[in-house]
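To start, the structure under review is shown below, and the notes come after it.
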Amino acid sequence: MSIEELIRKAAAGEVLDADGQKLLAEYSPPDPAEVASLRAELESSRAELESMHRRSAITGIAQKHRFTDPEYLGYLLEKNQIDPRDEQHCGDFMTGLEKSSPQLFRSAVASGALAVPPLPGSTGAPSAGGGGRADLLAMLENAPAVPVGR
(Lines give C-alpha, C1' and ligand atoms only; values in the text may rest on other atoms or scores of the structure.)
Protein backbone atom coordinates (compact mmCIF):
# COMPACT_ATOMS: atom_id res chain seq x y z
CA MET A 1 0.00 0.00 0.00
CA SER A 2 1.32 3.44 -0.92
CA ILE A 3 0.86 6.78 0.80
CA GLU A 4 -1.42 7.86 -2.07
CA GLU A 5 -3.74 4.91 -1.35
CA LEU A 6 -3.78 5.82 2.35
CA ILE A 7 -4.75 9.39 1.52
CA ARG A 8 -7.54 8.19 -0.80
CA LYS A 9 -8.92 5.87 1.89
CA ALA A 10 -8.77 8.60 4.53
CA ALA A 11 -10.45 11.09 2.20
CA ALA A 12 -13.20 8.57 1.47
CA GLY A 13 -13.73 8.11 5.22
CA GLU A 14 -12.60 4.47 5.22
CA VAL A 15 -10.99 2.94 8.30
CA LEU A 16 -7.31 2.09 7.89
CA ASP A 17 -6.21 -1.47 8.53
CA ALA A 18 -3.17 -2.34 10.66
CA ASP A 19 -0.75 -2.19 7.70
CA GLY A 20 -2.09 1.22 6.70
CA GLN A 21 -1.80 2.56 10.24
CA LYS A 22 1.78 1.23 10.51
CA LEU A 23 2.74 2.83 7.17
CA LEU A 24 1.17 6.11 8.23
CA ALA A 25 3.03 6.03 11.56
CA GLU A 26 6.39 5.38 9.83
CA TYR A 27 5.85 8.01 7.13
CA SER A 28 8.03 11.08 7.25
CA PRO A 29 7.69 13.84 4.67
CA PRO A 30 10.61 14.41 2.31
CA ASP A 31 13.29 16.90 3.26
CA PRO A 32 12.37 20.32 1.76
CA ALA A 33 16.00 20.93 0.76
CA GLU A 34 16.06 17.60 -1.10
CA VAL A 35 12.76 18.43 -2.84
CA ALA A 36 14.14 21.82 -3.89
CA SER A 37 17.32 20.18 -5.16
CA LEU A 38 15.33 17.63 -7.18
CA ARG A 39 13.12 20.37 -8.63
CA ALA A 40 16.19 22.37 -9.65
CA GLU A 41 17.69 19.27 -11.28
CA LEU A 42 14.41 18.65 -13.10
CA GLU A 43 14.29 22.23 -14.42
CA SER A 44 17.93 22.00 -15.49
CA SER A 45 17.21 18.75 -17.34
CA ARG A 46 14.18 20.29 -19.05
CA ALA A 47 16.23 23.30 -20.17
CA GLU A 48 18.99 21.02 -21.48
CA LEU A 49 16.46 18.89 -23.37
CA GLU A 50 14.89 22.02 -24.89
CA SER A 51 18.34 23.20 -25.93
CA MET A 52 19.06 19.85 -27.58
CA HIS A 53 15.76 19.96 -29.48
CA ARG A 54 16.53 23.51 -30.62
CA ARG A 55 20.04 22.57 -31.81
CA SER A 56 18.63 19.55 -33.63
CA ALA A 57 16.00 21.68 -35.37
CA ILE A 58 18.61 24.29 -36.35
CA THR A 59 20.96 21.62 -37.70
CA GLY A 60 18.10 20.19 -39.76
CA ILE A 61 17.29 23.62 -41.19
CA ALA A 62 20.97 24.21 -42.00
CA GLN A 63 21.22 20.87 -43.82
CA LYS A 64 17.95 21.38 -45.69
CA HIS A 65 18.99 24.82 -46.96
CA ARG A 66 22.72 24.01 -47.43
CA PHE A 67 23.72 26.59 -44.77
CA THR A 68 27.39 26.26 -43.85
CA ASP A 69 27.41 27.14 -40.12
CA PRO A 70 24.57 25.81 -37.89
CA GLU A 71 25.86 27.71 -34.83
CA TYR A 72 25.72 31.01 -36.70
CA LEU A 73 22.27 30.10 -38.01
CA GLY A 74 21.16 29.54 -34.40
CA TYR A 75 22.44 33.00 -33.53
CA LEU A 76 20.62 34.57 -36.49
CA LEU A 77 17.34 32.82 -35.66
CA GLU A 78 17.56 33.93 -32.03
CA LYS A 79 18.49 37.49 -33.00
CA ASN A 80 15.48 37.65 -35.34
CA GLN A 81 13.24 35.90 -32.79
CA ILE A 82 12.38 33.02 -35.12
CA ASP A 83 11.36 29.66 -33.68
CA PRO A 84 13.33 26.94 -35.52
CA ARG A 85 10.29 24.65 -35.33
CA ASP A 86 8.17 27.11 -37.37
CA GLU A 87 8.89 25.73 -40.84
CA GLN A 88 7.04 28.45 -42.78
CA HIS A 89 8.76 31.34 -41.00
CA CYS A 90 12.16 29.63 -41.15
CA GLY A 91 11.75 28.87 -44.86
CA ASP A 92 10.93 32.51 -45.62
CA PHE A 93 13.87 33.66 -43.47
CA MET A 94 16.29 31.25 -45.17
CA THR A 95 15.14 32.31 -48.65
CA GLY A 96 15.77 35.96 -47.79
CA LEU A 97 19.10 35.14 -46.16
CA GLU A 98 20.24 33.17 -49.21
CA LYS A 99 19.49 36.17 -51.42
CA SER A 100 21.21 38.67 -49.12
CA SER A 101 24.20 36.50 -48.06
CA PRO A 102 24.82 33.72 -50.60
CA GLN A 103 28.35 33.22 -49.25
CA LEU A 104 26.83 31.53 -46.18
CA PHE A 105 25.39 28.70 -48.29
CA ARG A 106 27.02 25.75 -50.01
CA SER A 107 26.82 25.79 -53.76
CA ALA A 108 24.31 23.51 -55.44
CA VAL A 109 26.90 22.59 -58.08
CA ALA A 110 27.84 18.92 -58.20
CA SER A 111 31.30 18.28 -56.82
CA GLY A 112 33.93 15.95 -58.21
CA ALA A 113 36.50 15.84 -60.95
CA LEU A 114 35.63 16.27 -64.57
CA ALA A 115 36.09 13.37 -66.96
CA VAL A 116 39.62 13.05 -68.34
CA PRO A 117 39.75 12.99 -72.14
CA PRO A 118 41.33 9.87 -73.67
CA LEU A 119 44.97 9.95 -74.73
CA PRO A 120 45.64 10.50 -78.41
CA GLY A 121 45.70 7.18 -80.19
CA SER A 122 43.70 5.35 -77.50
CA THR A 123 40.06 4.38 -77.42
CA GLY A 124 39.57 5.80 -73.94
CA ALA A 125 38.40 2.45 -72.63
CA PRO A 126 40.52 0.42 -70.22
CA SER A 127 42.41 -2.42 -71.81
CA ALA A 128 41.09 -5.94 -71.60
CA GLY A 129 44.28 -6.98 -69.85
CA GLY A 130 43.29 -5.12 -66.70
CA GLY A 131 46.43 -3.01 -66.48
CA GLY A 132 49.91 -4.16 -65.67
CA ARG A 133 53.06 -4.25 -67.80
CA ALA A 134 51.29 -4.19 -71.20
CA ASP A 135 49.41 -1.01 -70.33
CA LEU A 136 52.54 0.63 -68.99
CA LEU A 137 54.45 -0.18 -72.19
CA ALA A 138 51.58 1.14 -74.32
CA MET A 139 51.54 4.39 -72.35
CA LEU A 140 55.30 4.79 -72.72
CA GLU A 141 55.05 4.23 -76.49
CA ASN A 142 52.38 6.92 -76.78
CA ALA A 143 54.16 9.41 -74.49
CA PRO A 144 55.42 12.58 -76.16
CA ALA A 145 59.15 12.93 -76.61
CA VAL A 146 60.73 15.40 -74.23
CA PRO A 147 64.11 16.78 -75.22
CA VAL A 148 66.74 16.30 -72.56
CA GLY A 149 69.10 19.14 -71.71
CA ARG A 150 72.43 19.56 -73.52
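Labels used: A, B, ... for chains in the order of the C-alpha coordinates, numbers from 1 for residues in each chain, and numbers from 1 for ligands as shown.
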Practice item. Within chain A, find each residue whose DSSP state, derived from the backbone, is helix (DSSP H, G or I), and express the selection as a PyMOL selection string. Key: chain A and resi 3-12+18-26+32-64+70-79+87-100+102-104+133-142
For range 70-86 of chain A, please output as an mmCIF file with N, CA and C atoms, in the first residue's frame all residues within 8 Å (counting only C-alpha atoms; exclusion window: fewer than 2 positions along the same chain).
data_model
loop_
_atom_site.group_PDB
_atom_site.id
_atom_site.type_symbol
_atom_site.label_atom_id
_atom_site.label_comp_id
_atom_site.auth_asym_id
_atom_site.auth_seq_id
_atom_site.Cartn_x
_atom_site.Cartn_y
_atom_site.Cartn_z
ATOM 1 N N ARG A 54 16.304 22.297 -29.821
ATOM 2 C CA ARG A 54 16.533 23.506 -30.621
ATOM 3 C C ARG A 54 17.737 23.318 -31.541
ATOM 4 N N ARG A 55 18.842 22.806 -30.985
ATOM 5 C CA ARG A 55 20.040 22.574 -31.813
ATOM 6 C C ARG A 55 19.746 21.587 -32.931
ATOM 7 N N ALA A 57 16.830 21.009 -34.371
ATOM 8 C CA ALA A 57 15.996 21.681 -35.374
ATOM 9 C C ALA A 57 16.841 22.622 -36.233
ATOM 10 N N ILE A 58 17.756 23.355 -35.610
ATOM 11 C CA ILE A 58 18.612 24.292 -36.348
ATOM 12 C C ILE A 58 19.536 23.532 -37.295
ATOM 13 N N THR A 59 20.101 22.426 -36.840
ATOM 14 C CA THR A 59 20.963 21.619 -37.702
ATOM 15 C C THR A 59 20.180 21.089 -38.894
ATOM 16 N N ILE A 61 17.535 22.493 -40.287
ATOM 17 C CA ILE A 61 17.295 23.623 -41.187
ATOM 18 C C ILE A 61 18.557 23.918 -41.996
ATOM 19 N N ALA A 62 19.702 23.924 -41.319
ATOM 20 C CA ALA A 62 20.973 24.208 -42.001
ATOM 21 C C ALA A 62 21.240 23.177 -43.095
ATOM 22 N N PHE A 67 23.063 25.517 -45.514
ATOM 23 C CA PHE A 67 23.716 26.585 -44.769
ATOM 24 C C PHE A 67 25.008 26.025 -44.184
ATOM 25 N N THR A 68 26.082 26.792 -44.221
ATOM 26 C CA THR A 68 27.393 26.261 -43.854
ATOM 27 C C THR A 68 27.676 26.208 -42.357
ATOM 28 N N GLN A 88 7.401 27.392 -41.829
ATOM 29 C CA GLN A 88 7.039 28.451 -42.775
ATOM 30 C C GLN A 88 7.896 29.694 -42.553
ATOM 31 N N HIS A 89 7.977 30.138 -41.307
ATOM 32 C CA HIS A 89 8.757 31.344 -40.996
ATOM 33 C C HIS A 89 10.239 31.121 -41.276
ATOM 34 N N CYS A 90 10.746 29.940 -40.903
ATOM 35 C CA CYS A 90 12.162 29.626 -41.152
ATOM 36 C C CYS A 90 12.462 29.574 -42.647
#
Review point. Any idea what the distance is between CA of Glu5 in chain A and CA of Ser37 in chain A?
Key: 26.3 Å
Practice item. Give me the residues within 12 Å of Ile7 in chain A as a list in words, counting only C-alpha atoms and dropping any in the same chain fewer than 4 places off. Key: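 Counting only C-alpha atoms, the residues come to Met1, Ser2, Ile3, Ala11, Ala12, Gly13, Glu14, Val15, Leu16, Gly20, Gln21, Leu23 and Leu24 of chain A.
Atom to atom, CA of Ser107 in chain A and CA of Gly91 in chain A stand 17.8 Å apart.
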